[in-house]
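**Student:** mmCIF, C-alpha atoms, file my_file.cif:
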data_final
loop_
_atom_site.group_PDB
_atom_site.id
_atom_site.type_symbol
_atom_site.label_atom_id
_atom_site.label_comp_id
_atom_site.auth_asym_id
_atom_site.auth_seq_id
_atom_site.Cartn_x
_atom_site.Cartn_y
_atom_site.Cartn_z
ATOM 1 C CA MET A 609 -34.926 22.558 4.861
ATOM 2 C CA SER A 610 -35.523 20.141 1.998
ATOM 3 C CA ILE A 611 -33.448 17.136 1.001
ATOM 4 C CA ASP A 612 -31.409 17.411 -2.203
ATOM 5 C CA PHE A 613 -32.259 13.928 -3.534
ATOM 6 C CA GLN A 614 -30.801 14.741 -6.938
ATOM 7 C CA ASN A 615 -27.257 14.907 -5.565
ATOM 8 C CA PHE A 616 -27.697 12.460 -2.669
ATOM 9 C CA THR A 617 -25.172 9.564 -2.957
ATOM 10 C CA PRO A 618 -25.659 7.423 0.172
ATOM 11 C CA TYR A 619 -23.916 4.252 -1.057
ATOM 12 C CA ALA A 620 -20.812 5.785 -2.658
ATOM 13 C CA SER A 621 -20.438 8.132 0.317
ATOM 14 C CA LEU A 622 -20.820 5.322 2.864
ATOM 15 C CA ILE A 623 -18.306 3.069 1.062
ATOM 16 C CA GLY A 624 -15.906 6.002 0.593
ATOM 17 C CA GLY A 625 -16.313 6.837 4.279
ATOM 18 C CA VAL A 626 -15.503 3.271 5.320
ATOM 19 C CA MET A 627 -12.379 3.405 3.111
ATOM 20 C CA ILE A 628 -11.348 6.634 4.857
ATOM 21 C CA GLY A 629 -11.926 5.011 8.259
ATOM 22 C CA LEU A 630 -9.901 1.943 7.230
ATOM 23 C CA SER A 631 -6.998 4.082 6.036
ATOM 24 C CA ALA A 632 -6.946 5.880 9.397
ATOM 25 C CA LEU A 633 -7.032 2.523 11.155
ATOM 26 C CA LEU A 634 -4.219 1.077 9.013
ATOM 27 C CA LEU A 635 -1.978 4.109 9.579
ATOM 28 C CA MET A 636 -2.397 3.668 13.341
ATOM 29 C CA LEU A 637 -1.887 -0.116 13.129
ATOM 30 C CA THR A 638 1.218 0.012 10.932
ATOM 31 C CA HIS A 639 2.894 3.259 11.987
ATOM 32 C CA GLY A 640 1.168 4.325 15.193
ATOM 33 C CA ARG A 641 0.196 7.679 13.721
ATOM 34 C CA VAL A 642 -3.052 9.627 13.776
ATOM 35 C CA MET A 643 -4.281 10.224 10.231
ATOM 36 C CA GLY A 644 -4.814 13.951 10.527
ATOM 37 C CA VAL A 645 -4.026 15.713 7.268
ATOM 38 C CA SER A 646 -3.463 19.170 8.748
ATOM 39 C CA GLY A 647 -1.010 17.648 11.242
ATOM 40 C CA ILE A 648 0.732 15.574 8.569
ATOM 41 C CA LEU A 649 1.134 18.668 6.360
ATOM 42 C CA GLY A 650 2.127 20.857 9.301
ATOM 43 C CA GLY A 651 5.017 18.487 9.975
ATOM 44 C CA ILE A 652 6.236 19.011 6.402
ATOM 45 C CA VAL A 653 5.908 22.807 6.460
ATOM 46 C CA MET A 654 7.455 23.159 9.932
ATOM 47 C CA PRO A 655 9.417 19.919 10.474
ATOM 48 C CA SER A 656 10.309 18.837 13.990
ATOM 49 C CA GLY A 657 13.225 16.735 12.757
ATOM 50 C CA ARG A 658 14.736 15.302 9.635
ATOM 51 C CA SER A 659 13.583 11.719 10.246
ATOM 52 C CA ASP A 660 9.984 12.872 10.728
ATOM 53 C CA ILE A 661 9.395 14.184 7.202
ATOM 54 C CA GLY A 662 9.718 11.075 4.999
ATOM 55 C CA TRP A 663 6.548 9.223 6.020
ATOM 56 C CA ARG A 664 4.512 12.413 5.674
ATOM 57 C CA VAL A 665 5.673 13.006 2.103
ATOM 58 C CA LEU A 666 4.998 9.357 1.182
ATOM 59 C CA PHE A 667 1.483 9.624 2.615
ATOM 60 C CA VAL A 668 0.808 12.762 0.554
ATOM 61 C CA ILE A 669 2.064 10.997 -2.606
ATOM 62 C CA GLY A 670 -0.456 8.222 -1.929
ATOM 63 C CA MET A 671 -3.211 10.787 -1.352
ATOM 64 C CA LEU A 672 -2.472 12.399 -4.724
ATOM 65 C CA ALA A 673 -2.638 9.021 -6.491
ATOM 66 C CA GLY A 674 -5.786 7.695 -4.762
ATOM 67 C CA PRO A 675 -8.429 9.483 -6.884
ATOM 68 C CA PHE A 676 -6.825 8.114 -10.075
ATOM 69 C CA ALA A 677 -7.360 4.574 -8.756
ATOM 70 C CA VAL A 678 -11.088 5.350 -8.534
ATOM 71 C CA ILE A 679 -11.093 6.686 -12.107
ATOM 72 C CA TYR A 680 -9.053 3.844 -13.660
ATOM 73 C CA PHE A 681 -10.030 0.780 -11.615
ATOM 74 C CA LEU A 682 -13.650 1.589 -10.781
ATOM 75 C CA GLY A 683 -14.268 3.541 -13.991
ATOM 76 C CA ARG A 684 -16.008 6.276 -12.016
ATOM 77 C CA PRO A 685 -15.638 9.953 -12.840
ATOM 78 C CA VAL A 686 -14.629 12.167 -9.905
ATOM 79 C CA ASP A 687 -16.853 15.240 -10.062
ATOM 80 C CA ILE A 688 -15.343 18.527 -8.996
ATOM 81 C CA MET A 689 -17.449 21.677 -9.089
ATOM 82 C CA PRO A 690 -15.950 24.743 -7.398
ATOM 83 C CA ALA A 691 -17.997 26.279 -4.595
ATOM 84 C CA ALA A 692 -16.127 29.578 -4.666
ATOM 85 C CA SER A 693 -14.332 31.728 -7.182
ATOM 86 C CA GLY A 694 -11.887 34.601 -7.417
ATOM 87 C CA MET A 695 -10.170 35.758 -4.274
ATOM 88 C CA ILE A 696 -12.466 33.763 -1.993
ATOM 89 C CA LEU A 697 -10.612 30.492 -2.658
ATOM 90 C CA PRO A 698 -7.095 31.563 -1.590
ATOM 91 C CA VAL A 699 -8.544 33.404 1.426
ATOM 92 C CA ALA A 700 -10.483 30.266 2.375
ATOM 93 C CA GLY A 701 -7.294 28.204 1.995
ATOM 94 C CA PHE A 702 -5.362 30.461 4.338
ATOM 95 C CA ILE A 703 -8.137 30.389 6.970
ATOM 96 C CA VAL A 704 -8.326 26.578 6.727
ATOM 97 C CA GLY A 705 -4.563 26.280 7.289
ATOM 98 C CA LEU A 706 -4.508 28.828 10.108
ATOM 99 C CA GLY A 707 -7.563 27.404 11.878
ATOM 100 C CA THR A 708 -6.464 23.768 11.715
ATOM 101 C CA ALA A 709 -2.977 24.676 13.005
ATOM 102 C CA ILE A 710 -4.415 26.615 15.967
ATOM 103 C CA GLY A 711 -7.163 24.031 16.618
ATOM 104 C CA SER A 712 -4.722 21.104 16.178
ATOM 105 C CA GLY A 713 -6.769 19.212 13.626
ATOM 106 C CA CYS A 714 -9.263 19.078 10.798
ATOM 107 C CA THR A 715 -12.026 16.832 9.464
ATOM 108 C CA SER A 716 -9.715 13.796 9.379
ATOM 109 C CA GLY A 717 -7.777 14.205 12.641
ATOM 110 C CA HIS A 718 -10.611 15.450 14.860
ATOM 111 C CA GLY A 719 -13.466 14.027 12.781
ATOM 112 C CA ILE A 720 -12.510 10.522 11.661
ATOM 113 C CA CYS A 721 -9.794 9.758 14.248
ATOM 114 C CA GLY A 722 -10.749 11.794 17.321
ATOM 115 C CA LEU A 723 -14.451 10.886 17.283
ATOM 116 C CA ALA A 724 -13.563 7.187 16.841
ATOM 117 C CA ARG A 725 -11.442 7.416 20.024
ATOM 118 C CA LEU A 726 -14.368 9.213 21.732
ATOM 119 C CA SER A 727 -12.059 12.163 22.455
ATOM 120 C CA PRO A 728 -14.023 14.989 24.147
ATOM 121 C CA ARG A 729 -11.548 17.473 22.646
ATOM 122 C CA SER A 730 -12.309 16.296 19.127
ATOM 123 C CA LEU A 731 -16.052 16.325 19.796
ATOM 124 C CA VAL A 732 -15.788 20.009 20.747
ATOM 125 C CA ALA A 733 -13.638 20.724 17.659
ATOM 126 C CA VAL A 734 -16.085 18.967 15.311
ATOM 127 C CA GLY A 735 -19.006 20.828 16.910
ATOM 128 C CA ALA A 736 -17.171 24.131 16.422
ATOM 129 C CA PHE A 737 -16.192 23.672 12.769
ATOM 130 C CA MET A 738 -19.555 22.169 11.779
ATOM 131 C CA THR A 739 -21.351 25.117 13.376
ATOM 132 C CA THR A 740 -19.248 27.806 11.692
ATOM 133 C CA GLY A 741 -19.215 25.857 8.406
ATOM 134 C CA ILE A 742 -23.018 25.703 8.351
ATOM 135 C CA ALA A 743 -23.273 29.348 9.440
ATOM 136 C CA THR A 744 -20.830 30.453 6.718
ATOM 137 C CA VAL A 745 -22.732 28.648 3.947
ATOM 138 C CA PHE A 746 -26.013 30.024 5.333
ATOM 139 C CA LEU A 747 -24.679 33.586 5.220
ATOM 140 C CA ALA A 748 -23.087 33.135 1.775
ATOM 141 C CA ARG A 749 -26.107 31.479 0.134
ATOM 142 C CA HIS A 750 -29.146 32.894 1.878
ATOM 143 C CA VAL A 751 -28.203 36.256 3.346
ATOM 144 C CA MET A 752 -25.590 37.936 1.153
ATOM 145 C CA MET B 355 10.909 -0.981 2.123
ATOM 146 C CA MET B 356 7.561 -2.492 3.110
ATOM 147 C CA ARG B 357 6.989 0.275 5.608
ATOM 148 C CA HIS B 358 7.435 2.923 2.923
ATOM 149 C CA ILE B 359 5.220 1.152 0.395
ATOM 150 C CA SER B 360 2.548 0.616 3.045
ATOM 151 C CA ILE B 361 2.335 4.359 3.764
ATOM 152 C CA ILE B 362 1.870 5.184 0.070
ATOM 153 C CA LEU B 363 -0.855 2.515 -0.216
ATOM 154 C CA ILE B 364 -2.643 3.755 2.911
ATOM 155 C CA GLY B 365 -2.490 7.318 1.565
ATOM 156 C CA ALA B 366 -3.896 6.056 -1.743
ATOM 157 C CA LEU B 367 -6.735 4.228 0.046
ATOM 158 C CA PHE B 368 -7.534 7.490 1.838
ATOM 159 C CA GLY B 369 -7.419 9.500 -1.413
ATOM 160 C CA ALA B 370 -9.590 6.910 -3.188
ATOM 161 C CA GLY B 371 -12.093 6.979 -0.317
ATOM 162 C CA LEU B 372 -12.244 10.779 -0.475
ATOM 163 C CA ALA B 373 -12.821 10.648 -4.247
ATOM 164 C CA LEU B 374 -15.529 7.962 -4.071
ATOM 165 C CA SER B 375 -17.300 9.628 -1.161
ATOM 166 C CA GLY B 376 -17.795 12.985 -2.914
ATOM 167 C CA MET B 377 -15.554 14.903 -0.494
ATOM 168 C CA LEU B 378 -13.376 16.184 -3.358
ATOM 169 C CA ASN B 379 -16.328 18.088 -4.783
ATOM 170 C CA PRO B 380 -16.513 21.532 -3.121
ATOM 171 C CA SER B 381 -20.080 22.167 -4.279
ATOM 172 C CA LYS B 382 -21.169 18.849 -2.722
ATOM 173 C CA VAL B 383 -19.488 19.826 0.552
ATOM 174 C CA ALA B 384 -21.280 23.183 0.433
ATOM 175 C CA GLY B 385 -24.527 21.273 -0.274
ATOM 176 C CA PHE B 386 -23.973 19.293 2.925
ATOM 177 C CA LEU B 387 -23.251 22.429 4.951
ATOM 178 C CA ASP B 388 -26.336 24.109 3.456
ATOM 179 C CA LEU B 389 -28.565 22.732 6.191
ATOM 180 C CA PHE B 390 -31.115 25.531 5.721
ATOM 181 C CA GLY B 391 -31.343 25.251 1.934
ATOM 182 C CA THR B 392 -31.646 22.103 -0.194
ATOM 183 C CA TRP B 393 -29.572 19.792 1.986
ATOM 184 C CA ASP B 394 -27.439 16.961 0.582
ATOM 185 C CA PRO B 395 -26.940 14.577 3.553
ATOM 186 C CA SER B 396 -24.319 12.436 1.726
ATOM 187 C CA LEU B 397 -21.341 13.622 3.761
ATOM 188 C CA ALA B 398 -23.008 12.488 6.981
ATOM 189 C CA PHE B 399 -22.652 8.985 5.499
ATOM 190 C CA VAL B 400 -18.927 9.633 4.878
ATOM 191 C CA MET B 401 -18.388 10.758 8.441
ATOM 192 C CA GLY B 402 -20.575 7.955 9.824
ATOM 193 C CA GLY B 403 -18.876 5.211 7.796
ATOM 194 C CA GLY B 404 -15.405 6.517 8.601
ATOM 195 C CA VAL B 405 -15.968 6.948 12.319
ATOM 196 C CA VAL B 406 -17.738 3.602 12.809
ATOM 197 C CA ALA B 407 -15.097 1.636 10.845
ATOM 198 C CA ASN B 408 -12.308 3.344 12.782
ATOM 199 C CA PHE B 409 -14.154 3.049 16.120
ATOM 200 C CA ILE B 410 -14.514 -0.732 15.808
ATOM 201 C CA GLY B 411 -11.017 -1.297 14.418
ATOM 202 C CA HIS B 412 -9.343 1.008 16.914
ATOM 203 C CA ARG B 413 -10.448 -1.164 19.816
ATOM 204 C CA ILE B 414 -8.911 -4.224 18.182
ATOM 205 C CA VAL B 415 -5.679 -2.442 17.200
ATOM 206 C CA MET B 416 -5.198 -1.081 20.736
ATOM 207 C CA ARG B 417 -4.860 -4.657 22.065
ATOM 208 C CA ARG B 418 -1.402 -4.656 20.496
ATOM 209 C CA THR B 419 1.542 -3.205 22.385
ATOM 210 C CA GLY B 420 2.655 -1.076 19.443
ATOM 211 C CA PRO B 421 2.466 -0.497 15.681
ATOM 212 C CA VAL B 422 3.564 -3.149 13.157
ATOM 213 C CA PHE B 423 6.498 -1.035 12.004
ATOM 214 C CA ALA B 424 7.599 0.191 15.419
ATOM 215 C CA SER B 425 10.217 2.926 15.276
ATOM 216 C CA GLY B 426 12.428 2.853 18.369
ATOM 217 C CA THR B 427 10.435 2.932 21.583
ATOM 218 C CA ALA B 428 7.578 4.952 20.123
ATOM 219 C CA GLY B 429 4.290 3.084 20.504
ATOM 220 C CA PHE B 430 0.924 4.285 19.297
ATOM 221 C CA ARG B 431 1.143 8.072 19.215
ATOM 222 C CA ILE B 432 -2.254 9.030 20.583
ATOM 223 C CA PRO B 433 -2.564 12.768 21.351
ATOM 224 C CA ALA B 434 -2.085 13.275 25.095
ATOM 225 C CA ASN B 435 -3.534 16.794 25.194
ATOM 226 C CA ASN B 436 -6.994 16.685 26.795
ATOM 227 C CA ALA B 437 -7.415 20.432 27.291
ATOM 228 C CA ILE B 438 -10.596 21.957 25.909
ATOM 229 C CA ASP B 439 -9.273 25.499 25.626
ATOM 230 C CA SER B 440 -9.869 28.636 23.583
ATOM 231 C CA LYS B 441 -7.195 27.613 21.069
ATOM 232 C CA LEU B 442 -9.125 24.442 20.231
ATOM 233 C CA VAL B 443 -12.456 26.239 19.893
ATOM 234 C CA VAL B 444 -11.232 29.382 18.102
ATOM 235 C CA GLY B 445 -8.984 27.425 15.725
ATOM 236 C CA SER B 446 -11.707 24.913 14.864
ATOM 237 C CA ALA B 447 -14.284 27.684 14.440
ATOM 238 C CA LEU B 448 -11.916 29.500 12.051
ATOM 239 C CA PHE B 449 -11.364 26.290 10.106
ATOM 240 C CA GLY B 450 -15.133 25.883 9.706
ATOM 241 C CA ILE B 451 -15.403 29.366 8.174
ATOM 242 C CA GLY B 452 -12.710 28.533 5.599
ATOM 243 C CA TRP B 453 -14.312 25.138 4.942
ATOM 244 C CA GLY B 454 -17.689 26.783 4.328
ATOM 245 C CA LEU B 455 -16.185 29.456 2.077
ATOM 246 C CA GLY B 456 -14.142 27.151 -0.151
ATOM 247 C CA GLY B 457 -15.838 23.774 0.264
ATOM 248 C CA LEU B 458 -12.435 22.183 0.822
ATOM 249 C CA CYS B 459 -10.781 20.813 3.941
ATOM 250 C CA PRO B 460 -7.080 19.804 4.021
ATOM 251 C CA GLY B 461 -7.414 16.162 2.863
ATOM 252 C CA PRO B 462 -9.613 16.793 -0.198
ATOM 253 C CA ALA B 463 -7.576 19.899 -1.084
ATOM 254 C CA ILE B 464 -4.457 17.710 -1.401
ATOM 255 C CA SER B 465 -6.179 14.777 -3.105
ATOM 256 C CA SER B 466 -7.804 16.965 -5.769
ATOM 257 C CA LEU B 467 -4.513 18.726 -6.531
ATOM 258 C CA LEU B 468 -3.702 16.711 -9.670
ATOM 259 C CA LEU B 469 -7.334 16.483 -10.833
ATOM 260 C CA VAL B 470 -8.045 20.205 -11.090
ATOM 261 C CA PRO B 471 -4.699 21.972 -11.158
ATOM 262 C CA GLY B 472 -5.490 25.726 -11.189
ATOM 263 C CA ASP B 473 -7.845 26.389 -8.271
ATOM 264 C CA ALA B 474 -6.653 23.668 -5.926
ATOM 265 C CA VAL B 475 -2.975 24.688 -6.216
ATOM 266 C CA LEU B 476 -3.684 28.235 -5.053
ATOM 267 C CA PHE B 477 -5.892 26.956 -2.227
ATOM 268 C CA VAL B 478 -3.225 24.471 -1.084
ATOM 269 C CA LEU B 479 -0.364 27.022 -1.215
ATOM 270 C CA MET B 480 -2.369 29.452 0.919
ATOM 271 C CA MET B 481 -3.394 26.611 3.243
ATOM 272 C CA LEU B 482 0.265 25.649 3.773
ATOM 273 C CA ALA B 483 1.061 29.307 4.495
ATOM 274 C CA GLY B 484 -1.803 29.380 7.007
ATOM 275 C CA LEU B 485 -0.515 26.193 8.645
ATOM 276 C CA ALA B 486 2.950 27.720 9.020
ATOM 277 C CA VAL B 487 1.582 30.970 10.477
ATOM 278 C CA GLY B 488 -0.720 29.049 12.828
ATOM 279 C CA ARG B 489 2.145 26.887 14.059
ATOM 280 C CA MET B 490 4.308 29.948 14.648
ATOM 281 C CA LEU B 491 1.507 31.638 16.607
ATOM 282 C CA THR B 492 0.840 28.618 18.796
ATOM 283 C CA SER B 493 4.387 27.463 19.503
ATOM 284 C CA GLY B 494 7.075 29.317 21.422
ATOM 285 C CA PRO B 495 6.688 31.067 24.772
ATOM 286 C CA ALA B 496 6.409 34.629 23.432
ATOM 287 C CA ALA B 497 3.657 33.751 21.009
ATOM 288 C CA THR B 498 1.008 32.572 23.477
ATOM 289 C CA PRO B 499 -0.869 35.890 23.850
ATOM 290 C CA ALA B 500 -1.089 36.298 20.064
ATOM 291 C CA ALA B 501 -2.611 32.848 19.714
ATOM 292 C CA GLN B 502 -5.270 33.724 22.271
ATOM 293 C CA ALA B 503 -6.306 36.898 20.465
#
As structure tokens, what does this structure read like?
**Tutor:**
Amino acid sequence: MSIDFQNFTPYASLIGGVMIGLSALLLMLTHGRVMGVSGILGGIVMPSGRSDIGWRVLFVIGMLAGPFAVIYFLGRPVDIMPAASGMILPVAGFIVGLGTAIGSGCTSGHGICGLARLSPRSLVAVGAFMTTGIATVFLARHVM
Amino acid sequence: MMRHISIILIGALFGAGLALSGMLNPSKVAGFLDLFGTWDPSLAFVMGGGVVANFIGHRIVMRRTGPVFASGTAGFRIPANNAIDSKLVVGSALFGIGWGLGGLCPGPAISSLLLVPGDAVLFVLMMLAGLAVGRMLTSGPAATPAAQA
């Protein structure tokens, strides 16, 4: 293992991370909801009731707008370089949706929110997806 | 009105945080997961900053009896399920495989949707399909064995 200092962005990542943590905190404070994106989306795709959809859609609208605030107000470009191409991307998307529905959470719900509550369940989930994520990249980059 | 505007603003803060942190960049995510290659530790700072900020704030927020915009009798909706079962482990493990393959998890996939139309749209549509299938497998009495498989 060697550190990729060329792409290492400790300050922007730390500040961005704190913003993510604050947004999770504010959603709990104002609306009493866990900021888990897979759960928020799941409630739009398979709604449990009519009155439960509105806040989810509004949150997604905010999420779509957020990166443009960084571009316009901070004057920072938002780099996006694909990690996969062709059929791999849609397959990956389906697995991400399926896995987060079965495992009841993703990086935001289990990672940012669950770990902050010291939830043992979320700790196990984060351990599981970090392990398979690292293993998948290892296989894709260094074996195949 | 304020409650609706506040949700949009909180979503925007989240999306801005994702963009600033580097989480929207699939190759950066893959660089973080590439522990055995040239490792980019940046996303550990995202996770660390997010968890610590939320950890400290959560303790203060929980002193309240309920959320600012309380709806009916619903207080803070903290997940009550404490079971560490095969669904949790298998589902999360599956998610990690998809995350490693595409370099996108659900939040960044949504927030990058308008920045890079083509690729992200296809990823998100398939992710929503996966969410629907996963929910169908894990809910309903007849579906339990399928979810365990």
**Student:** Rank nothing, just name the residue among A:Gly662, A:Gly713, A:Gly701, A:Gly735 nearest to chain B, using all atoms listed in the file.
**Tutor:**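 The closest residue to chain B is A:Gly701.
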**Student:** Please expand the PyMOL selection byres ((chain B and resi 475) around 12) into the concrete residues it hits in this file, giving the result as a list of chain:residue names.
**Tutor:**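 On this input, the PyMOL selection byres ((chain B and resi 475) around 12) captures A:Leu697, A:Pro698, A:Gly701, B:Pro462, B:Ala463, B:Ile464, B:Ser465, B:Ser466, B:Leu467, B:Leu468, B:Leu469, B:Val470, B:Pro471, B:Gly472, B:Asp473, B:Ala474, B:Leu476, B:Phe477, B:Val478, B:Leu479, B:Met480, B:Met481, B:Leu482.
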**Student:** Give me a file of those residues, with C-alpha atoms, as a PDB file, in the coordinates of the input.
**Tutor:**
ATOM      1  CA  LEU A 697     -10.612  30.492  -2.658  1.00  0.00           C
ATOM      2  CA  PRO A 698      -7.095  31.563  -1.590  1.00  0.00           C
ATOM      3  CA  GLY A 701      -7.294  28.204   1.995  1.00  0.00           C
TER       4      GLY A 701
ATOM      5  CA  PRO B 462      -9.613  16.793  -0.198  1.00  0.00           C
ATOM      6  CA  ALA B 463      -7.576  19.899  -1.084  1.00  0.00           C
ATOM      7  CA  ILE B 464      -4.457  17.710  -1.401  1.00  0.00           C
ATOM      8  CA  SER B 465      -6.179  14.777  -3.105  1.00  0.00           C
ATOM      9  CA  SER B 466      -7.804  16.965  -5.769  1.00  0.00           C
ATOM     10  CA  LEU B 467      -4.513  18.726  -6.531  1.00  0.00           C
ATOM     11  CA  LEU B 468      -3.702  16.711  -9.670  1.00  0.00           C
ATOM     12  CA  LEU B 469      -7.334  16.483 -10.833  1.00  0.00           C
ATOM     13  CA  VAL B 470      -8.045  20.205 -11.090  1.00  0.00           C
ATOM     14  CA  PRO B 471      -4.699  21.972 -11.158  1.00  0.00           C
ATOM     15  CA  GLY B 472      -5.490  25.726 -11.189  1.00  0.00           C
ATOM     16  CA  ASP B 473      -7.845  26.389  -8.271  1.00  0.00           C
ATOM     17  CA  ALA B 474      -6.653  23.668  -5.926  1.00  0.00           C
ATOM     18  CA  LEU B 476      -3.684  28.235  -5.053  1.00  0.00           C
ATOM     19  CA  PHE B 477      -5.892  26.956  -2.227  1.00  0.00           C
ATOM     20  CA  VAL B 478      -3.225  24.471  -1.084  1.00  0.00           C
ATOM     21  CA  LEU B 479      -0.364  27.022  -1.215  1.00  0.00           C
ATOM     22  CA  MET B 480      -2.369  29.452   0.919  1.00  0.00           C
ATOM     23  CA  MET B 481      -3.394  26.611   3.243  1.00  0.00           C
ATOM     24  CA  LEU B 482       0.265  25.649   3.773  1.00  0.00           C
TER      25      LEU B 482
END
**Student:** Please write the residues picked by the PyMOL selection byres ((chain B and resi 360-373) around 10) on this file as a VMD selection string.
**Tutor:** (chain A and resid 620 to 635 638 to 639 643 663 to 679 684 to 688) or (chain B and resid 355 to 359 374 to 379 400 404 423 461 to 462 464 to 466)
**Student:** Output the selection as a short mmCIF file (atom, residue, chain, number, x, y, z; two decimals), in the coordinates of the input - C-alpha atoms for each residue.
**Tutor:**
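Result written to result.cif:
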data_model
loop_
_atom_site.label_atom_id
_atom_site.label_comp_id
_atom_site.auth_asym_id
_atom_site.auth_seq_id
_atom_site.Cartn_x
_atom_site.Cartn_y
_atom_site.Cartn_z
CA ALA A 620 -20.81 5.78 -2.66
CA SER A 621 -20.44 8.13 0.32
CA LEU A 622 -20.82 5.32 2.86
CA ILE A 623 -18.31 3.07 1.06
CA GLY A 624 -15.91 6.00 0.59
CA GLY A 625 -16.31 6.84 4.28
CA VAL A 626 -15.50 3.27 5.32
CA MET A 627 -12.38 3.40 3.11
CA ILE A 628 -11.35 6.63 4.86
CA GLY A 629 -11.93 5.01 8.26
CA LEU A 630 -9.90 1.94 7.23
CA SER A 631 -7.00 4.08 6.04
CA ALA A 632 -6.95 5.88 9.40
CA LEU A 633 -7.03 2.52 11.16
CA LEU A 634 -4.22 1.08 9.01
CA LEU A 635 -1.98 4.11 9.58
CA THR A 638 1.22 0.01 10.93
CA HIS A 639 2.89 3.26 11.99
CA MET A 643 -4.28 10.22 10.23
CA TRP A 663 6.55 9.22 6.02
CA ARG A 664 4.51 12.41 5.67
CA VAL A 665 5.67 13.01 2.10
CA LEU A 666 5.00 9.36 1.18
CA PHE A 667 1.48 9.62 2.62
CA VAL A 668 0.81 12.76 0.55
CA ILE A 669 2.06 11.00 -2.61
CA GLY A 670 -0.46 8.22 -1.93
CA MET A 671 -3.21 10.79 -1.35
CA LEU A 672 -2.47 12.40 -4.72
CA ALA A 673 -2.64 9.02 -6.49
CA GLY A 674 -5.79 7.70 -4.76
CA PRO A 675 -8.43 9.48 -6.88
CA PHE A 676 -6.82 8.11 -10.07
CA ALA A 677 -7.36 4.57 -8.76
CA VAL A 678 -11.09 5.35 -8.53
CA ILE A 679 -11.09 6.69 -12.11
CA ARG A 684 -16.01 6.28 -12.02
CA PRO A 685 -15.64 9.95 -12.84
CA VAL A 686 -14.63 12.17 -9.90
CA ASP A 687 -16.85 15.24 -10.06
CA ILE A 688 -15.34 18.53 -9.00
CA MET B 355 10.91 -0.98 2.12
CA MET B 356 7.56 -2.49 3.11
CA ARG B 357 6.99 0.28 5.61
CA HIS B 358 7.44 2.92 2.92
CA ILE B 359 5.22 1.15 0.40
CA LEU B 374 -15.53 7.96 -4.07
CA SER B 375 -17.30 9.63 -1.16
CA GLY B 376 -17.80 12.98 -2.91
CA MET B 377 -15.55 14.90 -0.49
CA LEU B 378 -13.38 16.18 -3.36
CA ASN B 379 -16.33 18.09 -4.78
CA VAL B 400 -18.93 9.63 4.88
CA GLY B 404 -15.40 6.52 8.60
CA PHE B 423 6.50 -1.03 12.00
CA GLY B 461 -7.41 16.16 2.86
CA PRO B 462 -9.61 16.79 -0.20
CA ILE B 464 -4.46 17.71 -1.40
CA SER B 465 -6.18 14.78 -3.10
CA SER B 466 -7.80 16.96 -5.77
#
**Student:** Can you tell me how far atom CA of Val699 of chain A sits from atom CA of Gly711 of chain A, in Å to one decimal?
**Tutor:** 17.9 Å
**Student:** Grab the atom CA of Ile720 of chain A to atom CA of Thr617 of chain A distance for me, in Å with one decimal place.
**Tutor:**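 Computing the Euclidean distance for atom CA of Ile720 of chain A and atom CA of Thr617 of chain A yields 19.4 Å.
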**Student:** Give me the result of the PyMOL selection byres ((chain A and resi 727) around 12) on this file, residue by residue, as a ChimeraX atom specification.
**Tutor:** /A:717-726,728-734 /B:409,432-438
**Student:** Mind giving me the straight-line distance from atom CA of Gly657 of chain A to atom CA of Arg489 of chain B in Å, one decimal?
**Tutor:**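 Atom CA of Arg489 of chain B lies at a distance of 15.1 Å from atom CA of Gly657 of chain A.
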**Student:** Go ahead and fit an axis-aligned box to every listed atom of segment 442-460 of chain B plus 6 Å each side, and pass me the centre and edge lengths in Å, one decimal, as JSON.
**Tutor:**
{"center_x": -12.4, "center_y": 24.7, "center_z": 10.0, "size_x": 22.6, "size_y": 21.7, "size_z": 32.4}
**Student:** Select, from B:Cys459, B:Ala428, B:Val422, B:Ile451, the residue with the minimum atom-to-atom distance to Ser716 of chain A, counting only C-alpha atoms.
**Tutor:**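 Under the stated criterion, the closest residue is B:Cys459.
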